[in-house]
>>> print(open('input.cif').read())   # mmCIF, C-alpha atoms
data_start
loop_
_atom_site.label_atom_id
_atom_site.label_comp_id
_atom_site.auth_asym_id
_atom_site.auth_seq_id
_atom_site.Cartn_x
_atom_site.Cartn_y
_atom_site.Cartn_z
CA MET D 517 0.00 0.00 0.00
CA ALA D 518 1.32 3.41 -0.98
CA SER D 519 1.95 5.90 1.79
CA LYS D 520 -0.03 9.11 1.90
CA LYS D 521 3.11 11.14 1.37
CA TYR D 522 3.78 9.36 -1.93
CA LEU D 523 0.22 9.97 -3.09
CA GLU D 524 0.52 13.65 -2.21
CA LEU D 525 3.72 13.95 -4.24
CA GLN D 526 1.99 12.67 -7.35
CA GLU D 527 -0.27 15.73 -7.27
CA PHE D 528 2.65 18.21 -7.20
CA SER D 529 3.85 19.96 -10.35
CA ASP D 530 7.47 19.63 -11.47
CA THR D 531 8.40 23.06 -10.13
CA ASP D 532 6.69 22.32 -6.82
CA LEU D 533 8.65 19.09 -6.52
CA ALA D 534 11.94 20.86 -7.21
CA SER D 535 11.25 23.60 -4.66
CA GLU D 536 10.05 21.06 -2.08
CA LEU D 537 13.23 19.03 -2.60
CA GLU D 538 15.38 22.12 -2.12
CA GLN D 539 13.56 23.11 1.07
CA THR D 540 13.68 19.58 2.47
CA GLU D 541 17.41 19.23 1.78
CA PHE D 542 18.02 22.59 3.48
CA GLN D 543 15.97 21.43 6.46
CA TYR D 544 17.93 18.16 6.61
CA HIS D 545 21.30 19.94 6.65
CA LYS D 546 20.08 22.31 9.33
CA LEU D 547 18.88 19.39 11.45
CA GLN D 548 22.21 17.61 10.99
CA PHE D 549 24.07 20.70 12.13
CA ASP D 550 21.80 21.17 15.13
CA HIS D 551 22.18 17.52 16.07
CA ALA D 552 25.98 17.75 15.88
CA ILE D 553 26.12 20.91 18.00
CA LYS D 554 23.53 20.43 20.72
CA GLY D 555 21.65 17.23 19.90
CA LEU D 556 18.03 16.81 18.95
CA ASP D 557 15.20 15.79 21.25
CA ASN D 558 14.18 13.15 18.72
CA PRO D 559 17.03 12.14 16.36
CA LEU D 560 14.66 9.91 14.38
CA ILE D 561 13.50 13.10 12.67
CA LEU D 562 16.71 12.91 10.62
CA ARG D 563 15.66 9.52 9.24
CA GLU D 564 12.18 10.77 8.35
CA VAL D 565 13.53 13.83 6.53
CA ARG D 566 16.07 11.66 4.70
CA ARG D 567 13.25 9.37 3.56
CA ASP D 568 11.20 12.36 2.44
CA ILE D 569 14.14 13.46 0.30
CA ALA D 570 14.31 9.99 -1.23
CA ARG D 571 10.57 10.07 -1.97
CA LEU D 572 10.93 13.42 -3.72
CA LYS D 573 13.90 12.27 -5.78
CA THR D 574 12.10 9.07 -6.72
CA GLU D 575 9.05 10.95 -7.97
CA ILE D 576 11.23 13.34 -9.98
CA ARG D 577 13.08 10.42 -11.56
CA ARG D 578 9.84 8.54 -12.25
CA ARG D 579 8.56 11.54 -14.19
CA GLN D 580 11.82 11.73 -16.15
CA VAL D 581 11.55 8.08 -17.16
CA VAL D 582 7.90 8.49 -18.17
CA GLY D 583 8.90 11.39 -20.40
CA MET D 584 11.67 9.47 -22.17
CA SER D 585 11.39 8.41 -25.78
CA GLU D 586 11.51 4.73 -26.74
CA GLU D 587 15.10 5.18 -27.95
CA ASP D 588 16.18 6.66 -24.62
CA ILE D 589 14.51 3.80 -22.76
CA ALA D 590 16.28 1.25 -24.97
CA ASN D 591 19.64 2.91 -24.27
CA ARG D 592 18.84 3.00 -20.56
CA SER D 593 18.09 -0.73 -20.63
CA LYS D 594 21.42 -1.43 -22.32
CA ILE D 595 23.28 0.58 -19.69
CA ARG D 596 21.47 -1.23 -16.87
CA GLU D 597 22.30 -4.59 -18.46
CA ARG D 598 26.01 -3.70 -18.65
CA ARG D 599 25.99 -2.70 -14.98
CA ARG D 600 24.50 -6.05 -14.01
CA ARG D 601 27.28 -7.94 -15.80
CA SER D 602 30.03 -6.02 -14.02
#
>>> encode(input="input.cif", output="structure tokens")
Amino acid sequence: MASKKYLELQEFSDTDLASELEQTEFQYHKLQFDHAIKGLDNPLILREVRRDIARLKTEIRRRQVVGMSEEDIANRSKIRERRRRS
């Protein structure tokens, strides 16, 4: 079952996704800094923010793949096959 956060991201526009990713990465770096200096009350927040960043990047990449031409997808498949052999 898909999480609610993932379903919300599907409704965002490309520019909204990019700005949300930028804000979330900034928030993550700020939390890391705060945790290193004085510690956080709940350090599991770092994990949640990191996962949110991954969700955003995944949705951005999914949209890129959907927008690819058949030729680009064929080349991508060849590259992935070469990586598997290595």
>>> atom_distance(input="input.cif", atom1="CA of Glu541 in chain D", atom2="CA of Asp568 in chain D")
9.3 Å
>>> axis_aligned_box(input="input.cif", around="range 541-548 of chain D", padding_each_side="8 Å", output="lines of an AutoDock Vina configuration file")
center_x = 19.1
center_y = 20.1
center_z = 6.6
size_x = 22.2
size_y = 21.0
size_z = 25.7
>>> atom_distance(input="input.cif", atom1="CA of Ser535 in chain D", atom2="CA of Arg579 in chain D")
15.6 Å
>>> closest_residue(input="input.cif", among="D:Ser585, D:Gln548, D:Asn591, D:Gln580", to="Asp530 in chain D", atoms="all atoms listed in the file")
D:Gln580
>>> residues_around(input="input.cif", residues="Pro559 in chain D", least_positions_apart="6", cutoff="12 Å", atoms="all atoms listed in the file", output="count of residues only")
9
>>> atom_distance(input="input.cif", atom1="CA of Leu572 in chain D", atom2="CA of Leu537 in chain D")
6.2 Å
>>> closest_residue(input="input.cif", among="D:Glu575, D:Ala570, D:Leu560, D:Lys546", to="Phe528 in chain D", atoms="all atoms listed in the file")
D:Glu575
>>> closest_residue(input="input.cif", among="D:Arg596, D:Val581, D:Glu587, D:Ile576", to="Thr531 in chain D", atoms="all atoms listed in the file")
D:Ile576
